[in-house]
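File shown: run_16.txt (compact mmCIF, C-alpha atoms).
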```
# COMPACT_ATOMS: atom_id res chain seq x y z
CA MET Q 1 69.58 68.19 4.02
CA LEU Q 2 66.87 65.62 3.31
CA ASN Q 3 66.60 63.05 6.09
CA PRO Q 4 63.85 60.48 5.35
CA LEU Q 5 63.97 59.23 8.95
CA ARG Q 6 63.21 62.60 10.52
CA SER Q 7 59.58 62.81 9.46
CA GLU Q 8 56.97 61.14 7.27
CA ALA Q 9 56.95 64.18 4.95
CA GLU Q 10 60.67 63.80 4.30
CA ALA Q 11 60.31 60.02 3.84
CA PHE Q 12 57.56 60.71 1.27
CA ARG Q 13 59.79 63.20 -0.57
CA PHE Q 14 62.61 60.64 -0.51
CA LEU Q 15 60.24 58.06 -2.04
CA ILE Q 16 59.37 60.47 -4.87
CA TYR Q 17 63.08 61.10 -5.56
CA VAL Q 18 63.72 57.32 -5.61
CA VAL Q 19 60.83 56.75 -8.05
CA VAL Q 20 62.10 59.49 -10.40
CA THR Q 21 65.71 58.23 -10.20
CA VAL Q 22 64.74 54.58 -10.78
CA VAL Q 23 62.49 55.51 -13.74
CA LEU Q 24 65.38 57.46 -15.30
CA ILE Q 25 67.87 54.60 -14.75
CA VAL Q 26 65.45 52.00 -16.17
CA ALA Q 27 64.74 54.25 -19.19
CA VAL Q 28 68.47 54.70 -19.88
CA VAL Q 29 69.16 50.94 -19.55
CA LEU Q 30 66.23 49.94 -21.77
CA LEU Q 31 67.20 52.59 -24.34
CA GLY Q 32 70.82 51.37 -24.25
CA ARG Q 33 69.70 47.78 -24.79
CA ALA Q 34 67.50 48.80 -27.72
CA ILE Q 35 70.31 50.74 -29.41
CA LEU Q 36 73.20 48.31 -28.81
CA MET Y 37 65.08 89.37 25.70
CA GLU Y 38 64.02 86.42 23.60
CA ALA Y 39 67.43 86.29 21.96
CA ALA Y 40 69.09 86.26 25.37
CA GLY Y 41 66.79 83.43 26.47
CA ALA Y 42 67.58 81.44 23.35
CA ALA Y 43 71.31 81.96 23.89
CA HIS Y 44 70.92 80.81 27.48
CA ALA Y 45 69.05 77.70 26.35
CA GLN Y 46 71.80 77.02 23.82
CA ASP Y 47 74.45 77.34 26.57
CA ALA Y 48 72.48 75.01 28.83
CA HIS Y 49 72.20 72.50 25.99
CA GLU Y 50 75.92 72.56 25.40
CA ALA Y 51 76.86 72.61 29.08
CA HIS Y 52 75.00 69.44 30.01
CA PRO Y 53 75.19 66.08 28.31
CA PRO Y 54 71.87 64.39 27.46
CA GLU Y 55 70.27 61.90 29.84
CA ALA Y 56 71.81 58.44 29.95
CA HIS Y 57 70.92 56.27 26.91
CA ARG Y 58 69.47 59.28 25.09
CA SER Y 59 70.73 61.32 22.17
CA SER Y 60 70.48 65.10 22.32
CA ARG Y 61 69.92 65.21 18.56
CA VAL Y 62 67.61 62.30 17.69
CA GLU Y 63 64.44 61.31 19.52
CA PRO Y 64 64.41 57.69 20.79
CA GLN Y 65 61.55 56.58 18.49
CA LEU Y 66 63.26 57.94 15.40
CA LEU Y 67 66.63 56.54 16.48
CA GLY Y 68 65.01 53.11 16.88
CA MET Y 69 63.50 53.37 13.40
CA LEU Y 70 66.87 54.53 12.01
CA LEU Y 71 68.70 51.49 13.43
CA PHE Y 72 65.91 49.18 12.29
CA ILE Y 73 65.94 50.50 8.71
CA ILE Y 74 69.75 50.30 8.52
CA SER Y 75 69.55 46.61 9.47
CA GLU Y 76 66.77 46.16 6.90
CA VAL Y 77 68.88 47.71 4.15
CA MET Y 78 71.62 45.19 4.99
CA ILE Y 79 69.16 42.25 4.78
CA PHE Y 80 67.87 43.39 1.39
CA GLY Y 81 71.47 44.05 0.35
CA ALA Y 82 72.33 40.40 1.00
CA PHE Y 83 69.46 39.23 -1.21
CA PHE Y 84 70.36 41.71 -3.97
CA THR Y 85 73.96 40.46 -3.83
CA ALA Y 86 72.70 36.95 -4.61
CA TYR Y 87 70.56 38.36 -7.44
CA PHE Y 88 73.40 40.32 -9.05
CA PHE Y 89 75.76 37.38 -8.57
CA ILE Y 90 73.70 35.03 -10.73
CA ARG Y 91 72.89 37.73 -13.29
CA VAL Y 92 76.21 39.56 -13.60
CA VAL Y 93 78.91 37.16 -12.36
CA ASN Y 94 77.34 33.89 -13.57
CA ALA Y 95 75.56 35.61 -16.51
CA ASP Y 96 72.58 33.26 -16.11
CA PRO Y 97 69.43 34.12 -18.08
CA TRP Y 98 66.75 36.05 -16.22
CA PRO Y 99 64.17 34.69 -15.64
CA ALA Y 100 65.17 31.04 -16.04
CA HIS Y 101 64.55 29.38 -19.43
CA GLY Y 102 60.92 28.38 -19.90
CA THR Y 103 59.59 30.77 -17.24
CA GLU Y 104 57.98 34.17 -17.49
CA LEU Y 105 57.33 36.90 -14.92
CA PRO Y 106 53.94 38.69 -14.87
CA VAL Y 107 55.41 42.16 -15.48
CA ALA Y 108 52.07 43.86 -16.21
CA VAL Y 109 50.28 42.49 -13.13
CA ALA Y 110 53.24 43.41 -10.95
CA GLY Y 111 53.22 46.87 -12.57
CA VAL Y 112 49.60 47.39 -11.56
CA ASN Y 113 50.51 46.12 -8.10
CA THR Y 114 53.34 48.68 -7.97
CA ALA Y 115 50.85 51.44 -8.77
CA ILE Y 116 48.62 50.15 -5.95
CA LEU Y 117 51.51 50.26 -3.46
CA LEU Y 118 52.57 53.74 -4.58
CA SER Y 119 48.98 54.91 -4.17
CA SER Y 120 49.10 53.64 -0.58
CA SER Y 121 52.06 55.95 0.06
CA LEU Y 122 50.01 58.85 -1.27
CA THR Y 123 47.14 58.02 1.09
CA MET Y 124 49.65 57.62 3.95
CA HIS Y 125 50.91 61.13 3.27
CA TRP Y 126 47.31 62.36 3.15
CA THR Y 127 46.75 60.70 6.55
CA LEU Y 128 49.66 62.57 8.14
CA THR Y 129 48.71 65.88 6.53
CA SER Y 130 45.16 65.43 7.80
CA VAL Y 131 46.09 64.64 11.39
CA LYS Y 132 48.48 67.60 11.48
CA ASN Y 133 45.65 69.87 10.29
CA GLY Y 134 43.14 68.41 12.73
CA ASN Y 135 41.10 66.80 9.94
CA ARG Y 136 39.75 63.64 11.59
CA PHE Y 137 37.85 62.45 8.51
CA GLY Y 138 41.06 62.66 6.45
CA LEU Y 139 42.94 60.77 9.17
CA LYS Y 140 40.42 57.91 9.29
CA ALA Y 141 39.78 57.71 5.54
CA GLY Y 142 43.49 58.01 4.75
CA ILE Y 143 44.69 55.32 7.14
CA LEU Y 144 41.86 52.94 6.18
CA SER Y 145 42.57 53.34 2.45
CA THR Y 146 46.32 52.89 3.09
CA PHE Y 147 45.60 49.62 4.90
CA LEU Y 148 43.22 48.38 2.19
CA LEU Y 149 45.63 49.26 -0.64
CA GLY Y 150 48.46 47.49 1.21
CA ALA Y 151 46.28 44.43 1.79
CA THR Y 152 45.34 44.42 -1.92
CA PHE Y 153 49.03 44.49 -2.84
CA LEU Y 154 49.73 41.50 -0.62
CA PHE Y 155 46.71 39.60 -1.93
CA VAL Y 156 47.81 40.14 -5.56
CA GLN Y 157 51.35 39.06 -4.63
CA ILE Y 158 50.11 35.81 -3.07
CA ASN Y 159 47.89 35.23 -6.11
CA GLU Y 160 50.94 35.78 -8.32
CA TYR Y 161 52.83 33.07 -6.43
CA ALA Y 162 49.95 30.67 -7.06
CA HIS Y 163 50.02 31.28 -10.84
CA VAL Y 164 53.65 32.12 -11.68
CA GLY Y 165 54.40 28.53 -12.69
CA PHE Y 166 57.70 27.82 -10.94
CA ALA Y 167 58.78 27.03 -7.39
CA PRO Y 168 61.73 28.30 -5.28
CA HIS Y 169 63.53 24.96 -5.60
CA ASP Y 170 63.27 24.81 -9.42
CA SER Y 171 66.25 27.09 -10.14
CA ALA Y 172 68.59 29.69 -8.63
CA GLN Y 173 66.50 32.34 -10.38
CA GLY Y 174 63.36 30.94 -8.75
CA SER Y 175 65.01 31.00 -5.32
CA ILE Y 176 66.05 34.63 -5.78
CA PHE Y 177 62.63 35.63 -7.11
CA TYR Y 178 60.76 34.11 -4.17
CA GLY Y 179 63.45 35.22 -1.72
CA LEU Y 180 63.40 38.90 -2.67
CA THR Y 181 59.67 39.27 -3.30
CA GLY Y 182 58.89 37.13 -0.24
CA LEU Y 183 61.19 39.20 1.96
CA HIS Y 184 59.44 42.32 0.74
CA GLY Y 185 56.03 40.69 1.22
CA ALA Y 186 56.95 39.92 4.83
CA HIS Y 187 57.71 43.62 5.30
CA VAL Y 188 54.38 44.56 3.80
CA PHE Y 189 52.73 42.18 6.28
CA ILE Y 190 54.56 43.84 9.20
CA GLY Y 191 53.57 47.25 7.82
CA LEU Y 192 49.94 46.14 7.55
CA THR Y 193 50.03 45.02 11.19
CA LEU Y 194 51.26 48.50 12.19
CA LEU Y 195 48.67 50.16 9.96
CA ALA Y 196 45.91 48.01 11.48
CA MET Y 197 46.91 49.25 14.95
CA VAL Y 198 46.96 52.87 13.75
CA THR Y 199 43.56 52.40 12.07
CA VAL Y 200 41.97 51.05 15.25
CA ARG Y 201 43.47 53.86 17.32
CA ALA Y 202 42.37 56.50 14.77
CA PHE Y 203 38.77 55.24 14.88
CA ARG Y 204 38.92 55.25 18.69
CA GLY Y 205 39.71 58.97 18.65
CA HIS Y 206 43.46 58.85 19.25
CA TYR Y 207 45.98 61.26 17.69
CA SER Y 208 45.83 65.03 17.42
CA PRO Y 209 47.70 67.83 15.62
CA GLU Y 210 50.04 67.97 18.66
CA GLU Y 211 50.50 64.21 19.22
CA HIS Y 212 50.72 62.01 16.13
CA ARG Y 213 54.01 60.16 16.56
CA GLY Y 214 52.06 56.88 16.42
CA VAL Y 215 51.12 57.67 12.81
CA GLU Y 216 54.40 59.30 11.83
CA VAL Y 217 56.72 56.36 12.58
CA PRO Y 218 54.62 53.68 10.79
CA GLY Y 219 54.36 56.20 7.93
CA ILE Y 220 58.16 56.37 7.64
CA TYR Y 221 58.29 52.58 7.69
CA TRP Y 222 55.58 52.31 5.01
CA HIS Y 223 57.44 54.68 2.66
CA PHE Y 224 60.60 52.61 3.24
CA VAL Y 225 58.67 49.46 2.21
CA ASP Y 226 57.60 51.32 -0.98
CA VAL Y 227 61.16 52.44 -1.72
CA MET Y 228 62.34 48.83 -1.44
CA TRP Y 229 59.56 47.63 -3.74
CA ILE Y 230 60.47 50.19 -6.43
CA ILE Y 231 64.01 48.77 -6.43
CA VAL Y 232 62.80 45.14 -6.28
CA TYR Y 233 60.26 45.64 -9.09
CA SER Y 234 62.65 47.46 -11.41
CA THR Y 235 65.46 44.90 -11.00
CA ILE Y 236 63.43 41.66 -10.80
CA TYR Y 237 60.65 42.38 -13.28
CA VAL Y 238 61.74 45.17 -15.63
CA LEU Y 239 65.51 44.99 -16.16
```

Before anything else, please render the file you have as structure tokens.
Amino acid sequence: MLNPLRSEAEAFRFLIYVVVTVVLIVAVVLLGRAIL
Amino acid sequence: MEAAGAAHAQDAHEAHPPEAHRSSRVEPQLLGMLLFIISEVMIFGAFFTAYFFIRVVNADPWPAHGTELPVAVAGVNTAILLSSSLTMHWTLTSVKNGNRFGLKAGILSTFLLGATFLFVQINEYAHVGFAPHDSAQGSIFYGLTGLHGAHVFIGLTLLAMVTVRAFRGHYSPEEHRGVEVPGIYWHFVDVMWIIVYSTIYVL
């Protein structure tokens, strides 16, 4: 299991996952606002 | 033989509790960072609660009427901060592989990118056109971005120490905890900024 506090490499991977997740959420919200 | 030795070591581990004030599972430095980051998440959580309160519960406009946030400049600043995480990762990879040039170049560029981020942030404060006491939105904006900026400043202090030590010949593929822990902290600061930027500036 990913533990971002165990090592820098895992923290870096966690950061990438956060970036991807946030980009997806922002895209969905902006798309929803444009449609509704 | 090796399997028997490993089994014996496992028995010994289970038979004896760890030393006083020590965990058998987490090293003290990482445990300290874990507790620190948990407390940090709670601090940021308090600020985000205030933000969501005025936006969702009060349904106030964001940003306040007559004000505008420099989304593009902050976007470029976000790219700068994310780049600093890349160079931080390069730093760790280099020190683990015994690449001293990569260690020094990586940590120096991480520091410079972080300092650039902070400089742009301060410049943004000077030109944004509203003050913390002008509105609730202004208070939240300065509160959240300022709290993050303070963390960047702490991170830069740590990075400065690592940079000096790296140029003095410290760290090796076997011993690089002094780079690893500030690296974890730096990525945490980036994670927080991604959330701050997307909520404050974009959404």

**Asked** Of the candidates Y:Phe80, Y:Ser208, Y:His125, Y:His101, which shows the shortest atom-to-atom distance to chain Q, using only C-alpha atoms?
**Response**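 Once distances to chain Q are computed over only C-alpha atoms, the minimum belongs to Y:His125.
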
**Message:** Which polymer residues, whether protein, DNA or RNA, lie within 10 Å of the coordinate (58.8, 60.0, 0.9) when you count only C-alpha atoms? List them as a PyMOL selection string, using the chain letters and numbers from the file.
**Reply:** (chain Q and resi 3-5+7-19) or (chain Y and resi 121-122+124-125+219-220+222-224+226-227)

**Request:** Record the distance separating CA of His57 (chain Y) and CA of Leu70 (chain Y), expressed in Å with one decimal.
**Result:**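 Separating CA of His57 (chain Y) from CA of Leu70 (chain Y) is a distance of 15.5 Å.
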
Show me a table, sorted first by chain and then by increasing residue number, of the residues of chain Y having an atom at most 12 Å from chain Q, each with its shortest atom pair and the distance in Å to one decimal, counting all atoms listed in the file and written as a Markdown table.
```
| residue | atom | partner | partner_atom | distance |
| --- | --- | --- | --- | --- |
| Y:Arg61 | CA | Q:Arg6 | CA | 10.8 |
| Y:Val62 | CA | Q:Arg6 | CA | 8.4 |
| Y:Glu63 | CA | Q:Arg6 | CA | 9.2 |
| Y:Pro64 | CA | Q:Arg6 | CA | 11.4 |
| Y:Gln65 | CA | Q:Arg6 | CA | 10.1 |
| Y:Leu66 | CA | Q:Leu5 | CA | 6.6 |
| Y:Leu67 | CA | Q:Leu5 | CA | 8.4 |
| Y:Gly68 | CA | Q:Leu5 | CA | 10.1 |
| Y:Met69 | CA | Q:Leu5 | CA | 7.4 |
| Y:Leu70 | CA | Q:Leu5 | CA | 6.3 |
| Y:Leu71 | CA | Q:Leu5 | CA | 10.1 |
| Y:Phe72 | CA | Q:Leu5 | CA | 10.8 |
| Y:Ile73 | CA | Q:Leu5 | CA | 9.0 |
| Y:Ile74 | CA | Q:Leu5 | CA | 10.6 |
| Y:Thr114 | CA | Q:Val19 | CA | 11.0 |
| Y:Ala115 | CA | Q:Val19 | CA | 11.3 |
| Y:Leu117 | CA | Q:Leu15 | CA | 11.8 |
| Y:Leu118 | CA | Q:Leu15 | CA | 9.2 |
| Y:Ser119 | CA | Q:Phe12 | CA | 11.7 |
| Y:Ser120 | CA | Q:Phe12 | CA | 11.2 |
| Y:Ser121 | CA | Q:Phe12 | CA | 7.4 |
| Y:Leu122 | CA | Q:Phe12 | CA | 8.2 |
| Y:Thr123 | CA | Q:Phe12 | CA | 10.8 |
| Y:Met124 | CA | Q:Glu8 | CA | 8.8 |
| Y:His125 | CA | Q:Phe12 | CA | 7.0 |
| Y:Trp126 | CA | Q:Ala9 | CA | 10.0 |
| Y:Thr127 | CA | Q:Glu8 | CA | 10.3 |
| Y:Leu128 | CA | Q:Glu8 | CA | 7.5 |
| Y:Thr129 | CA | Q:Ala9 | CA | 8.6 |
| Y:Lys132 | CA | Q:Ala9 | CA | 11.2 |
| Y:His212 | CA | Q:Glu8 | CA | 10.9 |
| Y:Arg213 | CA | Q:Ser7 | CA | 9.4 |
| Y:Gly214 | CA | Q:Glu8 | CA | 11.2 |
| Y:Val215 | CA | Q:Glu8 | CA | 8.8 |
| Y:Glu216 | CA | Q:Glu8 | CA | 5.5 |
| Y:Val217 | CA | Q:Glu8 | CA | 7.1 |
| Y:Pro218 | CA | Q:Glu8 | CA | 8.6 |
| Y:Gly219 | CA | Q:Glu8 | CA | 5.6 |
| Y:Ile220 | CA | Q:Glu8 | CA | 4.9 |
| Y:Tyr221 | CA | Q:Ala11 | CA | 8.6 |
| Y:Trp222 | CA | Q:Ala11 | CA | 9.1 |
| Y:His223 | CA | Q:Ala11 | CA | 6.2 |
| Y:Phe224 | CA | Q:Ala11 | CA | 7.4 |
| Y:Val225 | CA | Q:Leu15 | CA | 9.7 |
| Y:Asp226 | CA | Q:Leu15 | CA | 7.3 |
| Y:Val227 | CA | Q:Leu15 | CA | 5.7 |
| Y:Met228 | CA | Q:Leu15 | CA | 9.5 |
| Y:Trp229 | CA | Q:Val19 | CA | 10.2 |
| Y:Ile230 | CA | Q:Val19 | CA | 6.8 |
| Y:Ile231 | CA | Q:Val22 | CA | 7.3 |
| Y:Val232 | CA | Q:Val22 | CA | 10.6 |
| Y:Tyr233 | CA | Q:Val22 | CA | 10.1 |
| Y:Ser234 | CA | Q:Val26 | CA | 7.1 |
| Y:Thr235 | CA | Q:Val26 | CA | 8.8 |
| Y:Ile236 | CA | Q:Val26 | CA | 11.8 |
| Y:Tyr237 | CA | Q:Val26 | CA | 11.1 |
| Y:Val238 | CA | Q:Val26 | CA | 7.8 |
| Y:Leu239 | CA | Q:Val26 | CA | 7.0 |
```

**Asked** Do you have the CA of Ala186 (chain Y)-CA of Gly174 (chain Y) distance handy?
**Response**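 Going from CA of Ala186 (chain Y) over to CA of Gly174 (chain Y), I get 17.5 Å.
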
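For the pair CA of Asp96 (chain Y) and CA of Val77 (chain Y), the separation is 25.2 Å.
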
**Message:** So that I can check the surroundings of region 188-192 of chain Y, please list as an NGL selection string every protein, DNA and RNA residue that reaches within 7 Å of it, counting all atoms listed in the file and ignoring chain neighbours fewer than 2 positions away.
**Reply:** :Y and (147 or 150 or 184-186 or 194-196 or 222 or 225)
